[in-house]
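Enquirer: There's a structure below that I have some questions on.
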Amino acid sequence: MTTLPSPSIVVDRTRLLENIRDMQAACTAHRVELRPHIKTHKMVAVAREQLAAGAKGLTCAKIGEAEAMLPSGVRSLFIAHSLVDLRQAPRLAALSERLDDLRVAVTSELHFEALENLARHVGRRLAVMMAVDTGLGREGVRDDASAARLERRSTGNPHLELRGFYTHEGYFYGLNPEEHHTRIASMLDRLCNLRDQIDPALALWPGCSVSAKRVAATSDGRIQAVRPGAYPFGDLALSRGSRVMSAAAQALHVLATVVDKPEPGLALIDAGSKTFSSDRTPDGIHAMPADGRDFAVVRLNEEHGYVRGPATDSLTIGERILLVPAHVCTVINLTDTVAVTEAGKVITTWTVEGRGKTQ
Ligand SMILES: Cc1ncc(COP(=O)(O)O)c(C=O)c1O
């Protein structure tokens with residue numbers, strides 16, 4: 001690792017594979033399909049590992065991400081976003097040609113009309129998953145009546161075919177971990193009631209790294225898939241905030257260098273918001289050291305990180321530190337490549353093929 005330029009994004013391959021296997025085992029044990037969201041890693045190499053471990057398919061946010069993941073050999077893909085742009089119709093048609101199963105999201109009654117029009121331009125019937133808002137307040141039907149109306153509109157529709165429901169329970173990141181169990185139970189009851197009233201044969205696909213293992217373990221055959229994203233790498237949101245991942249399982253770190261100590265109690269590193277993004281934990285932390293020392297990156301400029309905390313003065317200029325970012329998905333989207341290590345040694349470099357694929 002001493003040969004790497006700073007800052008670098010470093011992936012511990014052993015830990016990554018363990019995290020992938022661990023989530024897959026939790027799903028397989030409860031006969032729940034794993035359809036990981038690739039927004040976190042955006043890398044064909046990681047998608048290949050997820051599929052090889054047993055993932056049934058992949059989830060993407062954008063068509064560009066889906067296109068970037070095709071070399072992984074994926075055959076089943078869900079684009080979990082409100083697609084509306086008619087200019088994307090040829091790309092959707094081409095994607096669907098290259099897959100066994102392409103699904104897109106219908107996210108409200110108003111969105112249904114836009115999606116139906118898009119499907120008309122694609123020239124083939126699109127399989128759709130209906131978004132249900134279970135608490136995030138973003139996309140998704142807000143009540144059962146709206147879901148039932150959407151289902152009626154899709155029955156016999158020549159352009160759209162309803163296959164099931166999905167939710168992204170991202171609000172779990174803000175919950176007290178003690179609440180996870182009861183909130184998962186109530187979310188599953190709500191989703192199952194909704195589905196069973198409409199058509200018990202439709203699939204239910206919740207998806208979030210905080211809840212995925214517990215959702216799988218408690219679903220008792222009621223849900224068909226989970227779509228977590230961040231679990232292969234982990235970040236402070238999963239370890240420190242939600243406490244569903246140990247520090248020892250963190251597979252991605254930012255390698256940064258201390259470049260100055262302008263005053264007592266403050267060290268500056270060579271990684272700022274252009275490396276970490278501006279995301280931070282609810283208590284204002286952008287990153288923490290992997291080795292547990294008592295300091296944190298508490299402020300960022302574009303190319304500077306401000307390190308403060310009791311152990312800051314023990315840092316030396318030129319010292320290289322491994323940091324766990326607050327939110328890993330936005331870190332990956334800022335880098336072209338990652339350095340892959342095994343037992344602390346760099347073994348290869350992976351390209352982030354889906355980087356910046358926001359269209
Ligand atoms: C629609 C959707 N599904 C799944 C995920 C994965 O969630 P997580 O990163 O918590 O695993 C996200 C994350 O933002 C999402 O937006």
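Ligands are numbered from 1 in the order shown, chains are lettered A, B, ... in the order of the structure tokens, and residues start at 1 in each chain.
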Write out as a VMD selection string which residues come within 10 Å of Ala52 in chain A when counting only C-alpha atoms, dropping same-chain ones fewer than 4 positions away.
Expert: chain A and resid 20 to 21 46 to 48 56 72 to 73
Enquirer: Any idea what's packed within 10 Å of Asp100 in chain A, counting only C-alpha atoms, ignoring anything in its chain fewer than 4 positions away? Could you give it as a PyMOL selection string?
Expert: chain A and resi 74-77+95-96
Enquirer: Between A:Ser108, A:Thr167, A:Ser242, A:Asn117, which has the minimum distance to ligand 1 (counting only C-alpha atoms and all ligand atoms)?
Expert: A:Thr167
Enquirer: Could you tell me, counting only C-alpha atoms and all ligand atoms, which protein and nucleic acid residues lie no more than 8 Å from ligand 1, written as an mmCIF file with C-alpha atoms, in the first residue's frame?
Expert:
```
data_model
loop_
_atom_site.group_PDB
_atom_site.id
_atom_site.type_symbol
_atom_site.label_atom_id
_atom_site.label_comp_id
_atom_site.auth_asym_id
_atom_site.auth_seq_id
_atom_site.Cartn_x
_atom_site.Cartn_y
_atom_site.Cartn_z
ATOM 1 C CA PRO A 36 -28.105 -5.959 -4.943
ATOM 2 C CA HIS A 37 -28.270 -2.286 -5.846
ATOM 3 C CA LYS A 39 -25.198 2.239 -6.956
ATOM 4 C CA THR A 40 -22.713 1.592 -4.144
ATOM 5 C CA THR A 59 -30.743 -3.252 -9.239
ATOM 6 C CA CYS A 60 -29.681 0.069 -10.772
ATOM 7 C CA ALA A 61 -30.840 3.654 -10.410
ATOM 8 C CA ALA A 80 -35.521 1.461 -9.598
ATOM 9 C CA HIS A 81 -36.178 5.010 -10.732
ATOM 10 C CA THR A 167 -39.851 -0.067 -1.367
ATOM 11 C CA HIS A 168 -36.593 1.584 -0.313
ATOM 12 C CA GLU A 169 -36.733 1.820 3.470
ATOM 13 C CA GLY A 170 -33.861 4.341 3.622
ATOM 14 C CA TYR A 173 -30.612 4.894 8.678
ATOM 15 C CA PRO A 206 -37.892 -4.260 -0.088
ATOM 16 C CA GLY A 207 -34.318 -2.970 -0.166
ATOM 17 C CA CYS A 208 -31.859 -1.356 2.250
ATOM 18 C CA SER A 209 -28.591 -2.569 3.797
ATOM 19 C CA VAL A 210 -29.725 -1.679 7.319
ATOM 20 C CA ALA A 212 -31.983 -6.581 4.495
ATOM 21 C CA ARG A 227 -32.127 -5.089 -2.820
ATOM 22 C CA PRO A 228 -29.428 -3.784 -0.439
ATOM 23 C CA GLY A 229 -26.646 -1.636 -1.879
ATOM 24 C CA ALA A 230 -24.016 -0.535 0.647
ATOM 25 C CA TYR A 231 -23.339 -3.900 2.360
ATOM 26 C CA CYS A 329 -21.795 5.366 -2.417
#
```
Enquirer: Give me the residues near Met69 in chain A as a VMD selection string, where near means some atom within 9 Å (using only C-alpha atoms) and where sequence neighbours in that chain fewer than 6 positions away do not count.
Expert: chain A and resid 38 42 to 44 47 58 60 353 to 354
Enquirer: Using backbone DSSP assignments, extract all strand (DSSP E or B) residues from range 142-276 of chain A; output them as a ChimeraX atom specification.
Expert: /A:160-167,203-206,225-226,252-263,266-269
Enquirer: Please produce a file of the residues just selected, as a tab-separated table (two decimals), in the first residue's frame, where the atoms kept are C-alpha atoms.
Expert:
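Below is the file selection.tsv, written as the result:
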```tsv
chain	number	residue	atom	x	y	z
A	160	LEU	CA	-47.00	-2.16	-18.88
A	161	GLU	CA	-47.25	-5.38	-16.92
A	162	LEU	CA	-47.27	-5.25	-13.11
A	163	ARG	CA	-44.99	-7.89	-11.56
A	164	GLY	CA	-44.78	-6.72	-7.97
A	165	PHE	CA	-44.00	-4.03	-5.41
A	166	TYR	CA	-40.80	-2.53	-4.06
A	167	THR	CA	-39.85	-0.07	-1.37
A	203	ALA	CA	-43.61	-10.12	-5.74
A	204	LEU	CA	-42.46	-7.96	-2.81
A	205	TRP	CA	-38.94	-6.52	-3.00
A	206	PRO	CA	-37.89	-4.26	-0.09
A	225	ALA	CA	-36.26	-10.45	-2.84
A	226	VAL	CA	-34.18	-7.79	-1.08
A	252	LEU	CA	-13.49	0.23	1.62
A	253	HIS	CA	-11.21	2.93	2.96
A	254	VAL	CA	-9.93	6.26	1.82
A	255	LEU	CA	-6.14	6.41	2.05
A	256	ALA	CA	-5.15	10.01	2.82
A	257	THR	CA	-2.01	11.82	3.95
A	258	VAL	CA	-1.52	14.36	6.73
A	259	VAL	CA	-0.14	17.40	4.90
A	260	ASP	CA	-0.07	20.05	7.64
A	261	LYS	CA	-0.65	20.76	11.31
A	262	PRO	CA	-1.30	24.50	11.25
A	263	GLU	CA	-2.27	24.80	14.95
A	266	LEU	CA	-5.89	20.51	13.97
A	267	ALA	CA	-4.38	18.38	11.20
A	268	LEU	CA	-5.07	18.80	7.50
A	269	ILE	CA	-5.25	15.88	5.07
```
Enquirer: Could you work out how far CA of Glu18 in chain A lies from CA of Thr330 in chain A, giving the answer in Å with one decimal?
Expert: 22.2 Å
Enquirer: Using only C-alpha atoms, can you tell me which of A:Leu136, A:Ala326, A:Met187, A:Ala45 comes closest to Arg13 in chain A?
Expert: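 Of the candidates, the smallest distance to Arg13 in chain A is held by A:Ala45.
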Enquirer: Between A:Arg308, A:Arg103, A:Arg98, A:Arg152, which residue has the minimum interatomic distance to Pro264 in chain A, considering only C-alpha atoms?
Expert: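 Between A:Arg308, A:Arg103, A:Arg98, A:Arg152, the residue approaching Pro264 in chain A most closely is A:Arg308.
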Enquirer: To one decimal place in Å, what is the distance between CA of Val10 in chain A and CA of Ala339 in chain A?
Expert: 4.8 Å
Enquirer: Near Lys213 in chain A, counting only C-alpha atoms, which residues have an atom at most 12 Å away, once you skip same-chain residues fewer than 4 positions from it, shown as a PyMOL selection string?
Expert: chain A and resi 19+22-34+180-181+184+206-209+217-219+225-228+231+244-245
Enquirer: Out of range 17-169 of chain A, which residues get alpha helix (DSSP H) from DSSP, as a ChimeraX atom specification?
Expert: /A:17-29,44-53,63-69,89-97,109-122,144-154
Enquirer: For Leu99 in chain A, which residue among A:Pro71, A:Gly135, A:Gly156, A:Gly123 is the nearest when counting only C-alpha atoms?
Expert: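 Nearest to Leu99 in chain A: A:Pro71.
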